[in-house]
Structures are given as C-alpha cells and as structure tokens.
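Below is one structure, written out as structure tokens; comments come after it.
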Amino acid sequence: MELEKFNLPGVEDKRPLVIAGPCSAETEDQVMATAKELAKNGTKVFRAGIWKPRTKPGGFEGNGVKALPWMQQVKKETGMLTATEVATAKHVEEALKYGVDVLWIGARTTADPFAVQEIADTLKGTDVPVLIKNPVNPDLELWIGALQRLNNAGIKRLGAIHRGFSTYDKKLYRNLPQWHIPIELHRRIPELPIICDPSHIAGRRDLIASLCQQAMDLQFQGLIIESHNDPDNAWSDASQQVTPEVLSLILNNLVIRDTNQSTESLTELRRQIDEIDMSLLETLSKRMRICREIGTYKKEHDMTVLQTNRYDEILNKRAQQGEELSMDGEFMKVVFEAIHSESVRQQMKIMEGK
C-alpha cells in the first residue's frame with residue numbers, strides 16, 4: 001500500500017497519540033463538559049459517537065446530524081481536533097460537511113466489504129485521515145482488505161484500530177485481545193500506525209490501564225479511549241468509560257519504552273508465545289469441560305470410561321493432522337496421550353462422584 005505519515009495538525013508526533021472522548025455524544029452540555037476537561041488535561045483529539053450501531057434495537061443509537069454542531073463547538077472552544085465513526089456514505093458526507101477531522105470505520109462495518117467500498121468511493125478526492133477497526137471476528141485478511149479498499153480510493157493517511165475480537169465464551173475481557181493478530185498486521189504493513197482501543201477490549205474500566213501499558217509495550221502508536229464526564233450515567237457502554245481525571249492518571253503512569261526494536265525482537269516473540277499459550281490453556285479448559293460432560297453421560301448410561309477405538313482414532317488422526325501442519329507425528333501423539341490421560345482422570349472423578 002502507498003501510505004503517508006499519519007500526522008495531524010497541532011498534534012505532536014510522539015507515542016502515544018491519544019484520541020479520547022465519550023462513547024456517544026449524548027447532549028451538548030455533556031459533550032462540552034467532557035471536551036473541556038480533556039483539553040485541560042492535554043488531549044488533542046476528541047472522539048464521540050454521532051451514529052451508534054447497537055447490537056439490538058431499542059438502545060440509544062446516537063443523535064445523528066444533530067450532534068455534529070456540538071463537535072464544531074468543541075473545536076472552536078478547545079482547539080482539539082474531532083473524530084467520529086462513519087458507517088455509510090451519508091455519514092461520511094455529513095461528517096465532512098461539519099469539518100470532522102478524523103474518521104474511523106467500526107468493527108461491524110469493516111466486516112462488510114460492500115459497506116467499506118461505499119465509504120471508500122465517497123472519500124475519493126479527500127485527504128481526511130481514516131482509522132479502520134479490526135472486524136468483529138479474527139480475520140486478518142478482511143482487516144487488510146478494508147485498508148486496501150480505502151488506499152485504492154486515494155486515502156494515504158490510514159491507520160488501524162485494534163479493539164479485540166468477539167467471542168461466545170466471555171472471560172476476563174469483553175473482546176479477546178489476541179495480540180498476535182495486530183502484531184502480524186504490523187509485520188506485513190510496518191508503516192501502518194496501529195492504535196489500541198482498550199475500552200472495547202476490556203469492557204470494564206478497571207482493566208483499561210493495564211491494556212494501555214500492554215499496547216505501549218507492543219509498540220502501538222496510540223490509544224483511543226472512551227472518556228465521559230459522568231461515566232456511571234452514560235447512555236451507552238457506561239462500564240468501560242473513565243473520567244478525564246482517571247484518564248490523565250492512566251496516561252501519566254504509562255511507561256513508554258524504546259521503539260527502535262523490530263517486531264521480530266526476542267521480547268515481542270516471547271509475548272506472542274505468552275498470548276498463544278493462554279489461548280491453548282483456554283482451549284484445553286473448554287475441552288476438559290466437554291470431557292466432564294461426556295463422563296456424566298457415560299455414568300448415567302453405564303458406559304466405561306475408556307473407549308479404546310475412539311482413543312486410537314484420536315491418536316492416529318491428530319498425528320496425521322500434525323504432520324500436515326509441519327509438526328512431528330510422534331510429538332503429536334505424546335501431546336494427545338497427555339491430554340487423553342487428563343481427560344480420563346477428569347471422567348474418573350465424575351464416575352466416583354467426586
């Protein structure tokens with residue numbers, strides 16, 4: 001891709017680039033109060049949701065065009081640049097008409113190539129910076145495809161936003177970080193700035209600080225964080241927003257390390273290993289949960305724990321699959337023998353009523 005430096009007028013070129021503001025532009029008073037507090041703390045780019053795509057109908061879906069003059073007023077009174085999400089050609093036209101400085105494409109929109117192409121076609125001939133969030137599901141090619149569509153339309157000031165990936169099994173985070181995916185994006189397109197969205201990854205304000213630090217340790221260029229002057233009473237995503245005061249504390253406590261190392265450095269490779277190991281552990285935990293359910297079924301139907309034919313099938317099939325994935329077949333047998341041994345132990349506990 002042909003990219004230009006993602007520079008913004010009046011914003012110092014250093015890490016982290018901070019984009020902050022409420023999830024939604026609820027009222028003019030709320031927007032201005034939050035913006036003034038953020039400006040006082042040094043924030044240079046104010047974000048707010050004008051159009052809010054919700055998972056289910058019935059929730060607050062944004063004020064739409066009515067809120068765009070509020071963004072103009074933010075710029076006039078604080079000097080901050082403004083940023084908002086767009087999902088349609090009409091959104092783009094209205095945002096540009098009201099002088100919004102930075103646009104971003106949300107995760108649901110990124111997952112729809114038709115919608116991304118519509119936005120790209122509308123942006124032809126403009127020079128507005130555009131950030132593209134990762135799609136809802138962990139599909140790196142779809143993410144890159146969205147970036148390419150914008151770049152093909154002549155948008156050269158592009159960036160990516162990593163907001164994590166949706167999962168059915170909710171654990172610690174609202175969206176799993178899966179850091180290895182944005183790391184691979186950076187490896188493929190090293191000149192592309194990547195900004196972390198800890199608010200949507202966390203889903204909880206108490207996790208935001210640690211995610212910001214992780215993003216900086218992974219050499220992300222910036223952070224886009226939801227900040228509200230009264231987060232507990234926010235009209236959308238209340239639990240993941242922080243006050244401007246708390247945001248200032250988070251940013252002041254960040255440790256910004258040297259960025260001269262490449263993504264192939266030992267530290268980053270080890271971090272990738274840690275991330276994959278956590279995924280392995282979570283997957284094994286799910287497997288053992290299913291094994292316990294099988295153990296309950298066997299107990300209720302007077303079946304033996306050990307099913308020899310099934311065990312042989314697993315060992316042979318996994319060894320073959322491992323070889324197809326460039327791993328030694330004997331190694332795969334050892335791995336699955338250990339997994340099977342733990343599965344049997346878990347089922348025996350069910351049989352014994354423990």
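Residue numbering restarts at 1 for every chain of the structure tokens, chains are lettered A, B, ... in their displayed order, and ligands are numbered from 1 as they appear.
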
Can you build me a table of segment 28-136 of chain A residues sitting at most 10 Å from segment 195-203 of chain A, with the closest atom pair per residue and its distance in Å to one decimal, using only C-alpha atoms, sorted by chain and residue number, as a tab-separated table?
```
residue	atom	partner	partner_atom	distance
A:Leu131	CA	A:Ile195	CA	8.6
A:Ile132	CA	A:Ile195	CA	9.6
A:Lys133	CA	A:Asp197	CA	8.9
```

Near-Ala153 of chain A list (12 Å; only C-alpha atoms; drop same-chain fewer than 5 positions) as a count of residues only: 21

Leu81 of chain A surroundings by only C-alpha atoms, 10 Å radius, close-in-sequence under 4 positions cut, as a compact mmCIF listing (two decimals) with N, CA and C atoms, in the first residue's frame:
```txt
# COMPACT_ATOMS: atom_id res chain seq x y z
N LEU A 8 -1.23 14.70 12.24
CA LEU A 8 -2.41 15.51 12.45
C LEU A 8 -1.97 16.91 12.87
N PRO A 9 -2.53 17.94 12.27
CA PRO A 9 -2.10 19.30 12.58
C PRO A 9 -2.29 19.63 14.06
N GLY A 10 -1.22 20.17 14.67
CA GLY A 10 -1.29 20.57 16.07
C GLY A 10 -1.09 19.44 17.05
N VAL A 11 -0.86 18.22 16.54
CA VAL A 11 -0.66 17.07 17.42
C VAL A 11 0.79 16.62 17.31
N ILE A 19 -6.56 9.65 21.45
CA ILE A 19 -7.87 10.10 20.99
C ILE A 19 -8.85 9.72 22.09
N THR A 43 -5.38 16.48 26.07
CA THR A 43 -5.86 15.69 24.93
C THR A 43 -5.98 16.59 23.70
N LYS A 44 -5.54 16.09 22.56
CA LYS A 44 -5.54 16.88 21.32
C LYS A 44 -6.61 16.45 20.32
N VAL A 45 -7.13 15.22 20.48
CA VAL A 45 -8.13 14.73 19.53
C VAL A 45 -9.33 14.22 20.34
N PHE A 46 -10.50 14.81 20.08
CA PHE A 46 -11.73 14.48 20.80
C PHE A 46 -12.58 13.55 19.95
N ARG A 47 -12.99 12.45 20.53
CA ARG A 47 -13.83 11.48 19.83
C ARG A 47 -15.20 11.45 20.48
N MET A 71 -19.72 19.05 17.88
CA MET A 71 -18.32 18.76 17.58
C MET A 71 -17.61 20.01 17.05
N GLN A 72 -18.33 20.78 16.23
CA GLN A 72 -17.76 22.04 15.75
C GLN A 72 -17.46 22.98 16.92
N VAL A 74 -16.79 22.09 19.98
CA VAL A 74 -15.62 21.56 20.69
C VAL A 74 -14.33 22.11 20.07
N LYS A 75 -14.26 22.04 18.76
CA LYS A 75 -13.07 22.53 18.06
C LYS A 75 -12.88 24.03 18.27
N LYS A 76 -13.98 24.76 18.22
CA LYS A 76 -13.92 26.22 18.35
C LYS A 76 -13.46 26.63 19.75
N GLY A 99 -16.88 19.41 9.19
CA GLY A 99 -15.47 19.60 9.49
C GLY A 99 -14.86 18.61 10.46
N VAL A 100 -15.41 17.41 10.57
CA VAL A 100 -14.79 16.39 11.43
C VAL A 100 -13.41 16.06 10.85
N ASP A 101 -12.40 16.00 11.70
CA ASP A 101 -11.01 15.90 11.23
C ASP A 101 -10.54 14.48 10.97
N VAL A 102 -11.03 13.52 11.76
CA VAL A 102 -10.59 12.13 11.64
C VAL A 102 -11.83 11.24 11.63
```

Give me, as an NGL selection string, the residues of segment 78-176 of chain A that a backbone DSSP run labels alpha helix (DSSP H). :A and (78 or 89-97 or 107-110 or 113-123 or 140-152)

Filtering to N, CA, C and O atoms, could you give me those residues as a compact mmCIF listing (two decimals), in the first residue's frame?
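Contents of result_19.txt, freshly written:
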```txt
# COMPACT_ATOMS: atom_id res chain seq x y z
N THR A 78 -12.03 24.61 22.28
CA THR A 78 -10.87 23.94 22.89
C THR A 78 -9.67 23.84 21.96
O THR A 78 -8.55 23.61 22.43
N ALA A 89 -22.17 6.09 3.38
CA ALA A 89 -21.77 7.24 2.57
C ALA A 89 -22.37 8.52 3.13
O ALA A 89 -21.73 9.57 3.15
N LYS A 90 -23.62 8.45 3.59
CA LYS A 90 -24.29 9.63 4.16
C LYS A 90 -23.56 10.12 5.40
O LYS A 90 -23.40 11.33 5.60
N HIS A 91 -23.12 9.19 6.24
CA HIS A 91 -22.35 9.58 7.43
C HIS A 91 -21.09 10.35 7.03
O HIS A 91 -20.76 11.38 7.63
N VAL A 92 -20.40 9.83 6.04
CA VAL A 92 -19.16 10.47 5.57
C VAL A 92 -19.45 11.89 5.09
O VAL A 92 -18.76 12.86 5.47
N GLU A 93 -20.47 12.03 4.27
CA GLU A 93 -20.80 13.35 3.71
C GLU A 93 -21.13 14.34 4.81
O GLU A 93 -20.67 15.49 4.79
N GLU A 94 -21.93 13.92 5.79
CA GLU A 94 -22.32 14.82 6.87
C GLU A 94 -21.13 15.18 7.76
O GLU A 94 -20.95 16.33 8.16
N ALA A 95 -20.29 14.18 8.09
CA ALA A 95 -19.14 14.42 8.96
C ALA A 95 -18.18 15.40 8.31
O ALA A 95 -17.68 16.33 8.97
N LEU A 96 -17.93 15.24 7.02
CA LEU A 96 -17.02 16.15 6.33
C LEU A 96 -17.62 17.55 6.20
O LEU A 96 -16.91 18.56 6.30
N LYS A 97 -18.93 17.62 5.99
CA LYS A 97 -19.60 18.92 5.87
C LYS A 97 -19.45 19.75 7.14
O LYS A 97 -19.32 20.97 7.09
N ALA A 107 -16.00 -1.92 13.77
CA ALA A 107 -15.75 -3.35 13.56
C ALA A 107 -16.83 -4.02 12.72
O ALA A 107 -16.53 -4.86 11.87
N ARG A 108 -18.09 -3.67 12.98
CA ARG A 108 -19.17 -4.29 12.21
C ARG A 108 -19.09 -3.88 10.74
O ARG A 108 -19.36 -4.69 9.84
N THR A 109 -18.74 -2.63 10.50
CA THR A 109 -18.65 -2.14 9.12
C THR A 109 -17.45 -2.76 8.40
O THR A 109 -17.56 -3.13 7.22
N THR A 110 -16.33 -2.88 9.10
CA THR A 110 -15.13 -3.47 8.49
C THR A 110 -15.42 -4.87 7.97
O THR A 110 -14.85 -5.32 6.97
N PRO A 113 -17.48 -5.85 3.22
CA PRO A 113 -16.75 -5.22 2.12
C PRO A 113 -17.60 -4.27 1.29
O PRO A 113 -17.08 -3.28 0.76
N PHE A 114 -18.90 -4.54 1.17
CA PHE A 114 -19.78 -3.64 0.41
C PHE A 114 -19.84 -2.27 1.09
O PHE A 114 -19.74 -1.23 0.44
N ALA A 115 -20.00 -2.28 2.41
CA ALA A 115 -20.07 -1.02 3.15
C ALA A 115 -18.74 -0.27 3.10
O ALA A 115 -18.72 0.95 2.93
N VAL A 116 -17.64 -1.00 3.24
CA VAL A 116 -16.33 -0.37 3.19
C VAL A 116 -16.09 0.26 1.82
O VAL A 116 -15.58 1.38 1.70
N GLN A 117 -16.48 -0.44 0.76
CA GLN A 117 -16.30 0.09 -0.59
C GLN A 117 -17.14 1.34 -0.80
O GLN A 117 -16.70 2.31 -1.44
N GLU A 118 -18.35 1.34 -0.25
CA GLU A 118 -19.21 2.53 -0.36
C GLU A 118 -18.56 3.74 0.30
O GLU A 118 -18.55 4.84 -0.25
N ILE A 119 -17.98 3.51 1.48
CA ILE A 119 -17.28 4.60 2.18
C ILE A 119 -16.06 5.05 1.39
O ILE A 119 -15.79 6.25 1.25
N ALA A 120 -15.30 4.08 0.86
CA ALA A 120 -14.10 4.41 0.08
C ALA A 120 -14.46 5.24 -1.14
O ALA A 120 -13.79 6.24 -1.45
N ASP A 121 -15.51 4.87 -1.83
CA ASP A 121 -15.94 5.62 -3.02
C ASP A 121 -16.33 7.05 -2.65
O ASP A 121 -16.04 8.00 -3.40
N THR A 122 -16.97 7.21 -1.51
CA THR A 122 -17.40 8.54 -1.07
C THR A 122 -16.21 9.41 -0.69
O THR A 122 -16.25 10.64 -0.82
N LEU A 123 -15.14 8.80 -0.21
CA LEU A 123 -13.96 9.54 0.25
C LEU A 123 -12.98 9.89 -0.87
O LEU A 123 -12.00 10.60 -0.63
N LEU A 140 -7.69 -11.51 9.73
CA LEU A 140 -6.68 -10.53 9.35
C LEU A 140 -6.83 -10.10 7.89
O LEU A 140 -6.66 -8.93 7.55
N GLU A 141 -7.15 -11.04 7.02
CA GLU A 141 -7.26 -10.71 5.59
C GLU A 141 -8.41 -9.73 5.35
O GLU A 141 -8.30 -8.83 4.51
N LEU A 142 -9.50 -9.88 6.09
CA LEU A 142 -10.63 -8.97 5.95
C LEU A 142 -10.23 -7.57 6.42
O LEU A 142 -10.62 -6.56 5.82
N TRP A 143 -9.45 -7.51 7.48
CA TRP A 143 -8.96 -6.23 8.00
C TRP A 143 -8.05 -5.55 6.97
O TRP A 143 -8.23 -4.37 6.65
N ILE A 144 -7.12 -6.31 6.43
CA ILE A 144 -6.21 -5.76 5.42
C ILE A 144 -7.00 -5.35 4.17
O ILE A 144 -6.72 -4.32 3.55
N GLY A 145 -7.98 -6.15 3.80
CA GLY A 145 -8.79 -5.83 2.63
C GLY A 145 -9.50 -4.49 2.77
O GLY A 145 -9.58 -3.71 1.81
N ALA A 146 -10.00 -4.20 3.96
CA ALA A 146 -10.65 -2.91 4.20
C ALA A 146 -9.65 -1.77 4.05
O ALA A 146 -9.95 -0.73 3.44
N LEU A 147 -8.46 -1.95 4.59
CA LEU A 147 -7.42 -0.93 4.45
C LEU A 147 -7.06 -0.72 2.98
O LEU A 147 -6.90 0.43 2.52
N GLN A 148 -6.98 -1.80 2.24
CA GLN A 148 -6.64 -1.69 0.82
C GLN A 148 -7.72 -0.96 0.03
O GLN A 148 -7.43 -0.17 -0.89
N ARG A 149 -8.98 -1.19 0.37
CA ARG A 149 -10.08 -0.50 -0.33
C ARG A 149 -9.97 1.01 -0.14
O ARG A 149 -10.16 1.78 -1.09
N LEU A 150 -9.67 1.44 1.07
CA LEU A 150 -9.52 2.88 1.32
C LEU A 150 -8.29 3.43 0.61
O LEU A 150 -8.32 4.52 0.02
N ASN A 151 -7.20 2.66 0.64
CA ASN A 151 -5.97 3.10 0.00
C ASN A 151 -6.14 3.19 -1.52
O ASN A 151 -5.65 4.13 -2.15
N ASN A 152 -6.87 2.24 -2.09
CA ASN A 152 -7.13 2.27 -3.53
C ASN A 152 -7.97 3.48 -3.93
O ASN A 152 -7.94 3.91 -5.09
```

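One distance worth recording is that between atom CA of Arg271 of chain A and atom CA of His162 of chain A, which is 16.7 Å.
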
Of the listed residues A:Val334, A:Ile225, A:Ile256, A:Ala234, that which approaches Ala25 of chain A most closely, counting only C-alpha atoms: A:Ala234
